[in-house]
file my_file.txt (compact mmCIF, C-alpha atoms)
# COMPACT_ATOMS: atom_id res chain seq x y z
CA MET A 55 -53.04 -21.72 -18.57
CA THR A 56 -53.30 -25.44 -19.29
CA THR A 57 -54.79 -28.11 -17.05
CA PRO A 58 -52.55 -31.19 -17.29
CA THR A 59 -54.20 -34.58 -17.68
CA ALA A 60 -51.26 -36.97 -17.46
CA ARG A 61 -49.76 -37.76 -14.05
CA PRO A 62 -47.00 -37.50 -13.22
CA LEU A 63 -46.86 -34.39 -15.38
CA PRO A 64 -44.05 -34.79 -17.97
CA GLN A 65 -41.57 -31.93 -17.65
CA LYS A 66 -38.00 -31.08 -18.45
CA THR A 67 -35.79 -30.77 -15.37
CA ILE A 68 -34.12 -27.37 -15.03
CA GLY A 69 -30.61 -27.51 -13.59
CA VAL A 70 -29.49 -24.42 -11.69
CA LEU A 71 -25.82 -23.79 -10.94
CA GLY A 72 -26.35 -21.55 -7.95
CA GLY A 73 -24.82 -19.99 -4.88
CA MET A 74 -23.44 -17.03 -6.85
CA SER A 75 -24.97 -15.62 -4.72
CA ASN A 76 -27.50 -17.49 -2.61
CA GLN A 77 -29.75 -14.42 -2.93
CA ALA A 78 -29.81 -14.69 -6.71
CA THR A 79 -30.34 -18.45 -6.48
CA ALA A 80 -33.40 -17.97 -4.28
CA GLU A 81 -34.81 -15.55 -6.85
CA TYR A 82 -34.17 -18.01 -9.67
CA TYR A 83 -36.05 -20.72 -7.79
CA ARG A 84 -38.96 -18.37 -7.10
CA LEU A 85 -39.19 -17.03 -10.64
CA LEU A 86 -38.90 -20.43 -12.31
CA ASN A 87 -41.67 -21.86 -10.18
CA GLU A 88 -43.90 -18.82 -10.60
CA GLY A 89 -43.41 -18.91 -14.36
CA LEU A 90 -44.31 -22.57 -14.64
CA ASN A 91 -47.25 -22.26 -12.25
CA ALA A 92 -48.59 -19.38 -14.37
CA ARG A 93 -48.55 -21.78 -17.33
CA PHE A 94 -49.92 -24.87 -15.62
CA GLY A 95 -52.08 -23.44 -12.83
CA GLY A 96 -53.27 -25.34 -9.81
CA TRP A 97 -50.52 -26.81 -7.66
CA ASP A 98 -48.06 -27.43 -10.47
CA ASN A 99 -44.67 -25.78 -10.64
CA GLY A 100 -41.19 -26.77 -11.80
CA GLU A 101 -38.93 -29.78 -11.50
CA ILE A 102 -35.64 -28.13 -10.57
CA VAL A 103 -32.24 -29.37 -9.50
CA ILE A 104 -29.96 -26.89 -7.74
CA VAL A 105 -26.26 -27.35 -7.08
CA SER A 106 -25.27 -24.44 -4.89
CA VAL A 107 -21.61 -23.54 -4.55
CA ASN A 108 -19.75 -21.76 -1.77
CA PHE A 109 -19.76 -18.08 -2.68
CA GLY A 110 -16.61 -17.59 -0.61
CA ASN A 111 -14.76 -19.67 -3.19
CA ILE A 112 -16.25 -17.64 -6.04
CA GLU A 113 -15.35 -14.33 -4.41
CA HIS A 114 -11.78 -15.58 -3.91
CA PHE A 115 -11.40 -16.65 -7.54
CA VAL A 116 -12.96 -13.49 -9.01
CA ARG A 117 -11.03 -11.02 -6.85
CA ARG A 118 -7.72 -12.72 -7.72
CA ASN A 119 -8.49 -13.44 -11.39
CA GLU A 120 -8.04 -17.17 -10.77
CA TRP A 121 -10.29 -18.17 -13.64
CA ASP A 122 -8.69 -21.56 -14.30
CA ALA A 123 -9.27 -22.58 -10.69
CA ALA A 124 -12.85 -21.31 -10.93
CA GLN A 125 -13.41 -23.37 -14.07
CA ARG A 126 -12.12 -26.54 -12.42
CA TYR A 127 -14.30 -25.92 -9.38
CA LEU A 128 -17.49 -25.26 -11.35
CA SER A 129 -16.86 -28.09 -13.80
CA GLY A 130 -17.36 -30.56 -10.98
CA LYS A 131 -20.59 -28.84 -10.00
CA VAL A 132 -21.88 -29.08 -13.56
CA ASP A 133 -21.04 -32.80 -13.44
CA ALA A 134 -23.30 -33.05 -10.40
CA LEU A 135 -26.16 -31.32 -12.20
CA GLU A 136 -25.88 -33.68 -15.14
CA ARG A 137 -25.78 -36.72 -12.86
CA ALA A 138 -28.95 -35.41 -11.20
CA GLY A 139 -30.75 -35.45 -14.54
CA ALA A 140 -30.80 -31.81 -15.61
CA ASP A 141 -32.24 -31.38 -19.11
CA VAL A 142 -30.97 -27.80 -19.35
CA ILE A 143 -28.47 -25.85 -17.27
CA LEU A 144 -28.51 -22.25 -16.07
CA CYS A 145 -25.72 -20.40 -14.30
CA VAL A 146 -27.15 -17.75 -11.99
CA SER A 147 -24.14 -15.42 -12.30
CA ASN A 148 -23.35 -13.14 -15.24
CA THR A 149 -19.73 -13.03 -14.08
CA MET A 150 -19.21 -16.78 -13.93
CA HIS A 151 -20.45 -17.33 -17.47
CA ARG A 152 -16.83 -16.57 -18.31
CA VAL A 153 -15.92 -20.08 -17.16
CA VAL A 154 -19.26 -21.91 -17.40
CA GLU A 155 -19.64 -21.21 -21.12
CA PRO A 156 -16.43 -23.10 -22.00
CA ILE A 157 -17.37 -25.85 -19.52
CA MET A 158 -20.63 -26.36 -21.40
CA ALA A 159 -19.14 -26.10 -24.88
CA ASP A 160 -18.34 -29.82 -25.20
CA ARG A 161 -21.32 -31.16 -23.30
CA ALA A 162 -24.56 -32.52 -24.69
CA THR A 163 -26.78 -30.88 -22.06
CA PRO A 164 -28.29 -27.63 -23.39
CA PHE A 165 -27.06 -24.42 -21.78
CA ILE A 166 -28.92 -21.10 -21.85
CA HIS A 167 -26.39 -18.26 -21.84
CA ILE A 168 -27.69 -15.36 -19.76
CA ALA A 169 -26.73 -12.81 -22.41
CA ASP A 170 -28.88 -14.36 -25.12
CA PRO A 171 -32.42 -13.66 -23.81
CA THR A 172 -31.17 -10.25 -22.70
CA GLY A 173 -29.73 -9.50 -26.13
CA ALA A 174 -32.90 -10.70 -27.84
CA ALA A 175 -35.00 -8.40 -25.64
CA MET A 176 -32.81 -5.40 -26.47
CA ARG A 177 -32.92 -6.15 -30.16
CA ALA A 178 -36.72 -6.53 -30.01
CA ALA A 179 -36.87 -3.12 -28.33
CA GLY A 180 -34.87 -1.63 -31.20
CA LEU A 181 -31.97 -0.48 -29.04
CA SER A 182 -28.42 -0.19 -30.34
CA ARG A 183 -26.44 1.36 -27.44
CA VAL A 184 -26.97 0.11 -23.91
CA ALA A 185 -25.22 0.56 -20.57
CA LEU A 186 -24.01 -2.49 -18.67
CA LEU A 187 -23.91 -2.64 -14.87
CA GLY A 188 -22.43 -5.63 -13.07
CA THR A 189 -19.37 -6.80 -11.22
CA MET A 190 -16.05 -5.32 -12.26
CA ALA A 191 -15.26 -8.54 -14.14
CA THR A 192 -18.56 -8.36 -16.02
CA MET A 193 -18.18 -4.70 -16.94
CA LEU A 194 -14.65 -5.35 -18.21
CA SER A 195 -15.53 -8.56 -20.08
CA GLU A 196 -14.61 -8.38 -23.76
CA ASP A 197 -16.30 -11.73 -24.39
CA LEU A 198 -19.62 -10.41 -23.10
CA ARG A 199 -19.25 -7.17 -25.05
CA ARG A 200 -18.58 -9.09 -28.27
CA ARG A 201 -21.51 -11.42 -27.68
CA TYR A 202 -23.95 -8.53 -27.37
CA GLU A 203 -22.47 -6.65 -30.31
CA GLU A 204 -21.95 -9.53 -32.74
CA ARG A 205 -25.09 -11.55 -32.02
CA PHE A 206 -27.57 -8.77 -31.27
CA GLY A 207 -26.13 -5.59 -32.76
CA VAL A 208 -26.01 -3.81 -29.40
CA GLU A 209 -23.08 -1.58 -28.49
CA ILE A 210 -22.16 -1.88 -24.81
CA MET A 211 -21.29 1.13 -22.67
CA VAL A 212 -19.79 0.85 -19.20
CA PRO A 213 -19.52 3.42 -16.42
CA SER A 214 -16.46 5.50 -15.60
CA ASP A 215 -13.73 3.85 -13.57
CA ALA A 216 -14.98 5.46 -10.36
CA ASP A 217 -18.56 4.44 -11.05
CA LYS A 218 -17.49 0.89 -11.95
CA ALA A 219 -15.79 0.64 -8.57
CA THR A 220 -18.97 1.82 -6.84
CA VAL A 221 -21.19 -0.64 -8.69
CA ASP A 222 -18.83 -3.53 -7.93
CA ARG A 223 -18.44 -2.64 -4.27
CA ILE A 224 -22.18 -2.47 -3.67
CA ILE A 225 -22.68 -5.86 -5.29
CA PHE A 226 -20.03 -7.64 -3.25
CA ASP A 227 -20.44 -5.82 0.05
CA GLU A 228 -24.21 -5.44 0.09
CA LEU A 229 -26.39 -7.06 -2.57
CA VAL A 230 -25.05 -10.59 -2.20
CA ARG A 231 -26.13 -10.33 1.43
CA ARG A 232 -29.48 -8.74 0.49
CA ASP A 233 -28.36 -5.60 2.29
CA LEU A 234 -30.47 -3.07 0.38
CA ARG A 235 -29.50 0.49 1.30
CA PRO A 236 -31.33 3.62 0.12
CA GLU A 237 -28.05 5.48 -0.32
CA SER A 238 -26.72 2.69 -2.57
CA LYS A 239 -29.90 2.77 -4.64
CA ALA A 240 -29.45 6.52 -5.07
CA GLN A 241 -25.86 5.96 -6.24
CA TYR A 242 -26.94 3.37 -8.80
CA LEU A 243 -29.65 5.66 -10.14
CA GLU A 244 -27.19 8.55 -10.42
CA ILE A 245 -24.86 6.30 -12.43
CA ILE A 246 -27.73 5.22 -14.68
CA ASP A 247 -28.70 8.86 -15.21
CA ARG A 248 -25.14 9.80 -16.15
CA MET A 249 -24.95 6.99 -18.68
CA ALA A 250 -28.31 7.93 -20.17
CA ALA A 251 -27.04 11.48 -20.53
CA ASP A 252 -24.01 10.05 -22.35
CA GLY A 253 -26.21 8.28 -24.87
CA ALA A 254 -27.26 4.96 -23.33
CA GLN A 255 -30.70 4.01 -24.63
CA GLY A 256 -31.21 1.48 -21.85
CA VAL A 257 -29.37 -0.39 -19.11
CA ILE A 258 -28.57 -4.04 -18.55
CA LEU A 259 -28.93 -5.04 -14.90
CA GLY A 260 -26.01 -7.37 -15.53
CA CYS A 261 -25.66 -8.84 -12.09
CA THR A 262 -28.40 -11.15 -10.91
CA GLU A 263 -28.86 -9.24 -7.63
CA ILE A 264 -29.09 -5.69 -9.02
CA PHE A 265 -32.83 -5.89 -9.64
CA LEU A 266 -33.29 -6.29 -5.88
CA LEU A 267 -32.06 -2.69 -5.54
CA VAL A 268 -33.26 -0.89 -8.69
CA ASP A 269 -35.91 -1.76 -11.23
CA GLN A 270 -37.90 -0.29 -14.08
CA ALA A 271 -40.24 1.65 -11.82
CA ASP A 272 -37.30 3.74 -10.60
CA ARG A 273 -36.61 5.14 -14.06
CA PRO A 274 -39.67 4.52 -16.28
CA ASP A 275 -38.15 6.35 -19.25
CA ILE A 276 -34.93 4.28 -19.35
CA PRO A 277 -35.54 0.67 -20.44
CA MET A 278 -34.01 -1.75 -17.95
CA PHE A 279 -33.14 -5.32 -18.85
CA ASN A 280 -33.29 -7.58 -15.80
CA THR A 281 -31.00 -10.48 -16.67
CA THR A 282 -32.43 -12.62 -13.85
CA ALA A 283 -36.02 -12.38 -15.07
CA LEU A 284 -35.10 -12.72 -18.74
CA HIS A 285 -32.94 -15.78 -18.03
CA THR A 286 -35.63 -17.55 -16.00
CA ASP A 287 -38.28 -16.71 -18.61
CA ALA A 288 -36.09 -18.38 -21.24
CA ALA A 289 -35.70 -21.46 -19.04
CA VAL A 290 -39.47 -21.67 -18.52
CA ALA A 291 -39.96 -21.52 -22.29
CA PHE A 292 -37.38 -24.28 -22.75
CA ALA A 293 -39.03 -26.45 -20.11
CA LEU A 294 -42.35 -26.03 -21.89
CA GLY A 295 -40.80 -26.97 -25.23
CA ALA A 296 -41.17 -23.49 -26.73

call {"tool": "encode", "arguments": {"input": "my_file.txt", "output": "C-alpha cells"}}
result
Amino acid sequence: MTTPTARPLPQKTIGVLGGMSNQATAEYYRLLNEGLNARFGGWDNGEIVIVSVNFGNIEHFVRRNEWDAAQRYLSGKVDALERAGADVILCVSNTMHRVVEPIMADRATPFIHIADPTGAAMRAAGLSRVALLGTMATMLSEDLRRRYEERFGVEIMVPSDADKATVDRIIFDELVRRDLRPESKAQYLEIIDRMAADGAQGVILGCTEIFLLVDQADRPDIPMFNTTALHTDAAVAFALGA
C-alpha cells in the first residue's frame, strides 16, 4: 500500500464497455475500485468511465448471429469511451469480444482482451487442457479457442451439446438478472464434474456472471479461472503502470 503525496493523484482512466450485463458491469466497477484502493489505501480508488449499453440489443444480436450489427452498435460506444478520455478499454463480456477485438484493432487506445490474463493464469498454473463454460457463442467460438491454444498452449474443452444448452440458458434466463438458483448451481457443478472426469484440468468461468453462481470454494480440487476477476486485476495493474 502506498500513500500518495501528489494531489490530484495522477492515474490512468479505465474505460469500461458495460451493460453486458449490468450485473457484470457492477462487479467490474466494484472489483476495479477495490483493487486500486488495496494499492493506494485511504479514500483513494479508481478513475473509471463506463459506457453501458442496452443488453436487450446485445441479446437480440447474439441470438440471431447479427454480428455485423453488433459491431456497428458497439463501435459507437467505444467512440464514446475514447471521447471521455479512457486510457485503456475493457469489454465486460467474453461473448462480445468477438466484435470488440476487431473494433479495437485499428485504434490507439490500449485494449485488454479478457482471454489474455486468463490464459496467462492457466499457463502459470501449468495446465494444458481446460474446460470452457460461457454463452453458446463463447463455447462455440473458434477465435477464442485458437487464442487460448496458440498464445498460451491450453487446449479448450467444451461441454456436450445438452450441457452447452443448459449453461447458456442459465446465463441468459437467470444470471444476467442476478437470479441465483440452487438447482442451477447444482447443474453447473455436475457439468464441471463431468468435464473433469473427461480430463479437464481446470475450468474457465468464461461468462462474467458465472462466478456469481459457482466459485473455487465449490470445487477446491478443480482450478477455476474467474475471467471477471482476472480481467479487472489486469486493468488495475495497467492503471498502476505495471

call {"tool": "closest_residue", "arguments": {"input": "my_file.txt", "among": "A:Thr220, A:Arg152, A:Leu128, A:Leu144", "to": "Leu86 of chain A", "atoms": "only C-alpha atoms"}}
result
A:Leu144

call {"tool": "atom_distance", "arguments": {"input": "my_file.txt", "atom1": "atom CA of Ala216 of chain A", "atom2": "atom CA of Leu186 of chain A"}}
result
14.6 Å

call {"tool": "closest_residue", "arguments": {"input": "my_file.txt", "among": "A:Leu267, A:Val105, A:Met278, A:Asn99", "to": "Arg231 of chain A", "atoms": "all atoms listed in the file"}}
result
A:Leu267

call {"tool": "residues_around", "arguments": {"input": "my_file.txt", "residues": "Leu294 of chain A", "least_positions_apart": "4", "cutoff": "9 Å", "atoms": "only C-alpha atoms", "output": "list in words"}}
result
Gln65, Lys66, Leu90, Arg93, Ala289 and Val290 of chain A

call {"tool": "residues_around", "arguments": {"input": "my_file.txt", "residues": "Asp133 of chain A", "least_positions_apart": "5", "cutoff": "12 Å", "atoms": "all atoms listed in the file", "output": "list in words"}}
result
Gly69, Leu71, Val105, Arg126, Tyr127, Leu128, Ala138, Gly139, Ala140, Ile143, Val154, Ile157, Met158, Arg161, Ala162 and Thr163 of chain A

call {"tool": "write_last_selection", "arguments": {"input": "my_file.txt", "atoms": "C-alpha atoms", "output": "PDB file, in the coordinates of the input"}}
result
ATOM      1  CA  GLY A  69     -30.610 -27.510 -13.590  1.00  0.00           C
ATOM      2  CA  LEU A  71     -25.820 -23.790 -10.940  1.00  0.00           C
ATOM      3  CA  VAL A 105     -26.260 -27.350  -7.080  1.00  0.00           C
ATOM      4  CA  ARG A 126     -12.120 -26.540 -12.420  1.00  0.00           C
ATOM      5  CA  TYR A 127     -14.300 -25.920  -9.380  1.00  0.00           C
ATOM      6  CA  LEU A 128     -17.490 -25.260 -11.350  1.00  0.00           C
ATOM      7  CA  ALA A 138     -28.950 -35.410 -11.200  1.00  0.00           C
ATOM      8  CA  GLY A 139     -30.750 -35.450 -14.540  1.00  0.00           C
ATOM      9  CA  ALA A 140     -30.800 -31.810 -15.610  1.00  0.00           C
ATOM     10  CA  ILE A 143     -28.470 -25.850 -17.270  1.00  0.00           C
ATOM     11  CA  VAL A 154     -19.260 -21.910 -17.400  1.00  0.00           C
ATOM     12  CA  ILE A 157     -17.370 -25.850 -19.520  1.00  0.00           C
ATOM     13  CA  MET A 158     -20.630 -26.360 -21.400  1.00  0.00           C
ATOM     14  CA  ARG A 161     -21.320 -31.160 -23.300  1.00  0.00           C
ATOM     15  CA  ALA A 162     -24.560 -32.520 -24.690  1.00  0.00           C
ATOM     16  CA  THR A 163     -26.780 -30.880 -22.060  1.00  0.00           C
TER      17      THR A 163
END

call {"tool": "atom_distance", "arguments": {"input": "my_file.txt", "atom1": "atom CA of Thr262 of chain A", "atom2": "atom CA of Asn280 of chain A"}}
result
7.8 Å

call {"tool": "closest_residue", "arguments": {"input": "my_file.txt", "among": "A:Glu237, A:Asp122, A:Glu204, A:Asp252", "to": "Ala185 of chain A", "atoms": "all atoms listed in the file"}}
result
A:Asp252

call {"tool": "closest_residue", "arguments": {"input": "my_file.txt", "among": "A:Glu101, A:Glu196, A:Asp222, A:Glu113", "to": "Cys261 of chain A", "atoms": "only C-alpha atoms"}}
result
A:Asp222

call {"tool": "axis_aligned_box", "arguments": {"input": "my_file.txt", "around": "segment 208-217 of chain A", "padding_each_side": "4 Å", "output": "JSON"}}
result
{"center_x": -19.9, "center_y": 0.8, "center_z": -19.9, "size_x": 20.3, "size_y": 17.3, "size_z": 27.0}

call {"tool": "closest_residue", "arguments": {"input": "my_file.txt", "among": "A:Arg200, A:Arg232, A:Gly256, A:Pro277", "to": "Asn76 of chain A", "atoms": "only C-alpha atoms"}}
result
A:Arg232

call {"tool": "residues_around", "arguments": {"input": "my_file.txt", "residues": "Ala175 of chain A", "least_positions_apart": "6", "cutoff": "12 Å", "atoms": "all atoms listed in the file", "output": "list of chain:residue names"}}
result
A:Ile168, A:Ala169, A:Leu181, A:Ser182, A:Val184, A:Tyr202, A:Phe206, A:Gly207, A:Val208, A:Gly256, A:Val257, A:Ile258, A:Pro277, A:Met278, A:Phe279, A:Asn280, A:Thr281, A:Ala283, A:Leu284, A:His285, A:Asp287, A:Ala288

call {"tool": "residues_around", "arguments": {"input": "my_file.txt", "residues": "Leu243 of chain A", "least_positions_apart": "3", "cutoff": "10 Å", "atoms": "only C-alpha atoms", "output": "PDB file with C-alpha atoms, in the coordinates of the input"}}
result
ATOM      1  CA  GLU A 237     -28.050   5.480  -0.320  1.00  0.00           C
ATOM      2  CA  SER A 238     -26.720   2.690  -2.570  1.00  0.00           C
ATOM      3  CA  LYS A 239     -29.900   2.770  -4.640  1.00  0.00           C
ATOM      4  CA  ALA A 240     -29.450   6.520  -5.070  1.00  0.00           C
ATOM      5  CA  ILE A 246     -27.730   5.220 -14.680  1.00  0.00           C
ATOM      6  CA  ASP A 247     -28.700   8.860 -15.210  1.00  0.00           C
ATOM      7  CA  ARG A 248     -25.140   9.800 -16.150  1.00  0.00           C
ATOM      8  CA  MET A 249     -24.950   6.990 -18.680  1.00  0.00           C
ATOM      9  CA  LEU A 267     -32.060  -2.690  -5.540  1.00  0.00           C
ATOM     10  CA  VAL A 268     -33.260  -0.890  -8.690  1.00  0.00           C
ATOM     11  CA  ASP A 269     -35.910  -1.760 -11.230  1.00  0.00           C
ATOM     12  CA  ASP A 272     -37.300   3.740 -10.600  1.00  0.00           C
ATOM     13  CA  ARG A 273     -36.610   5.140 -14.060  1.00  0.00           C
TER      14      ARG A 273
END

call {"tool": "atom_distance", "arguments": {"input": "my_file.txt", "atom1": "atom CA of Ile112 of chain A", "atom2": "atom CA of Thr286 of chain A"}}
result
21.8 Å

call {"tool": "closest_residue", "arguments": {"input": "my_file.txt", "among": "A:Ala159, A:Ala123, A:Ile104, A:Ala291", "to": "Pro171 of chain A", "atoms": "only C-alpha atoms"}}
result
A:Ala291

call {"tool": "residues_around", "arguments": {"input": "my_file.txt", "residues": "Met150 of chain A", "least_positions_apart": "6", "cutoff": "10 Å", "atoms": "all atoms listed in the file", "output": "VMD selection string"}}
result
chain A and resid 74 112 116 121 124 to 125 128 191 to 192

call {"tool": "decode", "arguments": {"input": "my_file.txt", "residues": "segment 178-200 of chain A", "atoms": "N, CA, C and O atoms", "output": "PDB file, in the first residue's frame"}}
result
ATOM      1  N   ALA A 178       0.536 -20.225 -16.067  1.00  0.00           N
ATOM      2  CA  ALA A 178       1.309 -20.165 -14.822  1.00  0.00           C
ATOM      3  C   ALA A 178       0.984 -21.346 -13.909  1.00  0.00           C
ATOM      4  O   ALA A 178       1.843 -21.809 -13.151  1.00  0.00           O
ATOM      5  N   ALA A 179      -0.260 -21.829 -14.000  1.00  0.00           N
ATOM      6  CA  ALA A 179      -0.658 -22.981 -13.191  1.00  0.00           C
ATOM      7  C   ALA A 179      -0.207 -24.308 -13.802  1.00  0.00           C
ATOM      8  O   ALA A 179      -0.393 -25.370 -13.193  1.00  0.00           O
ATOM      9  N   GLY A 180       0.371 -24.253 -14.996  1.00  0.00           N
ATOM     10  CA  GLY A 180       0.882 -25.453 -15.638  1.00  0.00           C
ATOM     11  C   GLY A 180      -0.189 -26.336 -16.248  1.00  0.00           C
ATOM     12  O   GLY A 180       0.040 -27.538 -16.445  1.00  0.00           O
ATOM     13  N   LEU A 181      -1.336 -25.759 -16.586  1.00  0.00           N
ATOM     14  CA  LEU A 181      -2.429 -26.551 -17.140  1.00  0.00           C
ATOM     15  C   LEU A 181      -2.374 -26.546 -18.668  1.00  0.00           C
ATOM     16  O   LEU A 181      -1.988 -25.559 -19.281  1.00  0.00           O
ATOM     17  N   SER A 182      -2.794 -27.661 -19.254  1.00  0.00           N
ATOM     18  CA  SER A 182      -2.758 -27.769 -20.713  1.00  0.00           C
ATOM     19  C   SER A 182      -4.107 -28.136 -21.325  1.00  0.00           C
ATOM     20  O   SER A 182      -4.260 -28.072 -22.539  1.00  0.00           O
ATOM     21  N   ARG A 183      -5.099 -28.513 -20.509  1.00  0.00           N
ATOM     22  CA  ARG A 183      -6.410 -28.913 -21.031  1.00  0.00           C
ATOM     23  C   ARG A 183      -7.476 -28.424 -20.055  1.00  0.00           C
ATOM     24  O   ARG A 183      -7.557 -28.903 -18.919  1.00  0.00           O
ATOM     25  N   VAL A 184      -8.275 -27.460 -20.501  1.00  0.00           N
ATOM     26  CA  VAL A 184      -9.182 -26.763 -19.588  1.00  0.00           C
ATOM     27  C   VAL A 184     -10.563 -26.661 -20.216  1.00  0.00           C
ATOM     28  O   VAL A 184     -10.704 -26.425 -21.416  1.00  0.00           O
ATOM     29  N   ALA A 185     -11.588 -26.830 -19.377  1.00  0.00           N
ATOM     30  CA  ALA A 185     -12.970 -26.707 -19.824  1.00  0.00           C
ATOM     31  C   ALA A 185     -13.369 -25.243 -19.882  1.00  0.00           C
ATOM     32  O   ALA A 185     -12.937 -24.438 -19.051  1.00  0.00           O
ATOM     33  N   LEU A 186     -14.216 -24.916 -20.848  1.00  0.00           N
ATOM     34  CA  LEU A 186     -14.721 -23.556 -21.006  1.00  0.00           C
ATOM     35  C   LEU A 186     -16.233 -23.557 -20.855  1.00  0.00           C
ATOM     36  O   LEU A 186     -16.939 -24.248 -21.584  1.00  0.00           O
ATOM     37  N   LEU A 187     -16.734 -22.748 -19.905  1.00  0.00           N
ATOM     38  CA  LEU A 187     -18.158 -22.517 -19.747  1.00  0.00           C
ATOM     39  C   LEU A 187     -18.451 -21.072 -20.121  1.00  0.00           C
ATOM     40  O   LEU A 187     -17.687 -20.166 -19.774  1.00  0.00           O
ATOM     41  N   GLY A 188     -19.548 -20.846 -20.804  1.00  0.00           N
ATOM     42  CA  GLY A 188     -19.929 -19.488 -21.189  1.00  0.00           C
ATOM     43  C   GLY A 188     -21.221 -19.535 -21.976  1.00  0.00           C
ATOM     44  O   GLY A 188     -21.945 -20.539 -21.965  1.00  0.00           O
ATOM     45  N   THR A 189     -21.508 -18.455 -22.667  1.00  0.00           N
ATOM     46  CA  THR A 189     -22.671 -18.477 -23.552  1.00  0.00           C
ATOM     47  C   THR A 189     -22.418 -19.465 -24.687  1.00  0.00           C
ATOM     48  O   THR A 189     -21.277 -19.881 -24.944  1.00  0.00           O
ATOM     49  N   MET A 190     -23.475 -19.820 -25.390  1.00  0.00           N
ATOM     50  CA  MET A 190     -23.318 -20.729 -26.521  1.00  0.00           C
ATOM     51  C   MET A 190     -22.304 -20.170 -27.516  1.00  0.00           C
ATOM     52  O   MET A 190     -21.434 -20.901 -28.026  1.00  0.00           O
ATOM     53  N   ALA A 191     -22.391 -18.867 -27.790  1.00  0.00           N
ATOM     54  CA  ALA A 191     -21.471 -18.255 -28.746  1.00  0.00           C
ATOM     55  C   ALA A 191     -20.032 -18.347 -28.276  1.00  0.00           C
ATOM     56  O   ALA A 191     -19.113 -18.574 -29.072  1.00  0.00           O
ATOM     57  N   THR A 192     -19.806 -18.181 -26.980  1.00  0.00           N
ATOM     58  CA  THR A 192     -18.452 -18.287 -26.438  1.00  0.00           C
ATOM     59  C   THR A 192     -17.944 -19.714 -26.528  1.00  0.00           C
ATOM     60  O   THR A 192     -16.803 -19.963 -26.947  1.00  0.00           O
ATOM     61  N   MET A 193     -18.782 -20.668 -26.138  1.00  0.00           N
ATOM     62  CA  MET A 193     -18.329 -22.069 -26.159  1.00  0.00           C
ATOM     63  C   MET A 193     -18.076 -22.579 -27.570  1.00  0.00           C
ATOM     64  O   MET A 193     -17.267 -23.489 -27.771  1.00  0.00           O
ATOM     65  N   LEU A 194     -18.728 -21.979 -28.556  1.00  0.00           N
ATOM     66  CA  LEU A 194     -18.537 -22.387 -29.950  1.00  0.00           C
ATOM     67  C   LEU A 194     -17.487 -21.553 -30.686  1.00  0.00           C
ATOM     68  O   LEU A 194     -17.195 -21.810 -31.857  1.00  0.00           O
ATOM     69  N   SER A 195     -16.901 -20.571 -30.012  1.00  0.00           N
ATOM     70  CA  SER A 195     -16.011 -19.625 -30.675  1.00  0.00           C
ATOM     71  C   SER A 195     -14.672 -20.260 -31.052  1.00  0.00           C
ATOM     72  O   SER A 195     -13.889 -20.646 -30.178  1.00  0.00           O
ATOM     73  N   GLU A 196     -14.403 -20.351 -32.337  1.00  0.00           N
ATOM     74  CA  GLU A 196     -13.108 -20.844 -32.791  1.00  0.00           C
ATOM     75  C   GLU A 196     -12.012 -19.815 -32.544  1.00  0.00           C
ATOM     76  O   GLU A 196     -10.861 -20.174 -32.278  1.00  0.00           O
ATOM     77  N   ASP A 197     -12.342 -18.534 -32.636  1.00  0.00           N
ATOM     78  CA  ASP A 197     -11.346 -17.498 -32.380  1.00  0.00           C
ATOM     79  C   ASP A 197     -10.834 -17.583 -30.948  1.00  0.00           C
ATOM     80  O   ASP A 197      -9.625 -17.472 -30.696  1.00  0.00           O
ATOM     81  N   LEU A 198     -11.745 -17.764 -30.005  1.00  0.00           N
ATOM     82  CA  LEU A 198     -11.343 -17.854 -28.602  1.00  0.00           C
ATOM     83  C   LEU A 198     -10.532 -19.117 -28.358  1.00  0.00           C
ATOM     84  O   LEU A 198      -9.505 -19.098 -27.661  1.00  0.00           O
ATOM     85  N   ARG A 199     -10.967 -20.221 -28.943  1.00  0.00           N
ATOM     86  CA  ARG A 199     -10.232 -21.482 -28.800  1.00  0.00           C
ATOM     87  C   ARG A 199      -8.792 -21.317 -29.319  1.00  0.00           C
ATOM     88  O   ARG A 199      -7.825 -21.719 -28.647  1.00  0.00           O
ATOM     89  N   ARG A 200      -8.657 -20.724 -30.505  1.00  0.00           N
ATOM     90  CA  ARG A 200      -7.315 -20.546 -31.072  1.00  0.00           C
ATOM     91  C   ARG A 200      -6.461 -19.631 -30.206  1.00  0.00           C
ATOM     92  O   ARG A 200      -5.255 -19.871 -30.046  1.00  0.00           O
TER      93      ARG A 200
END
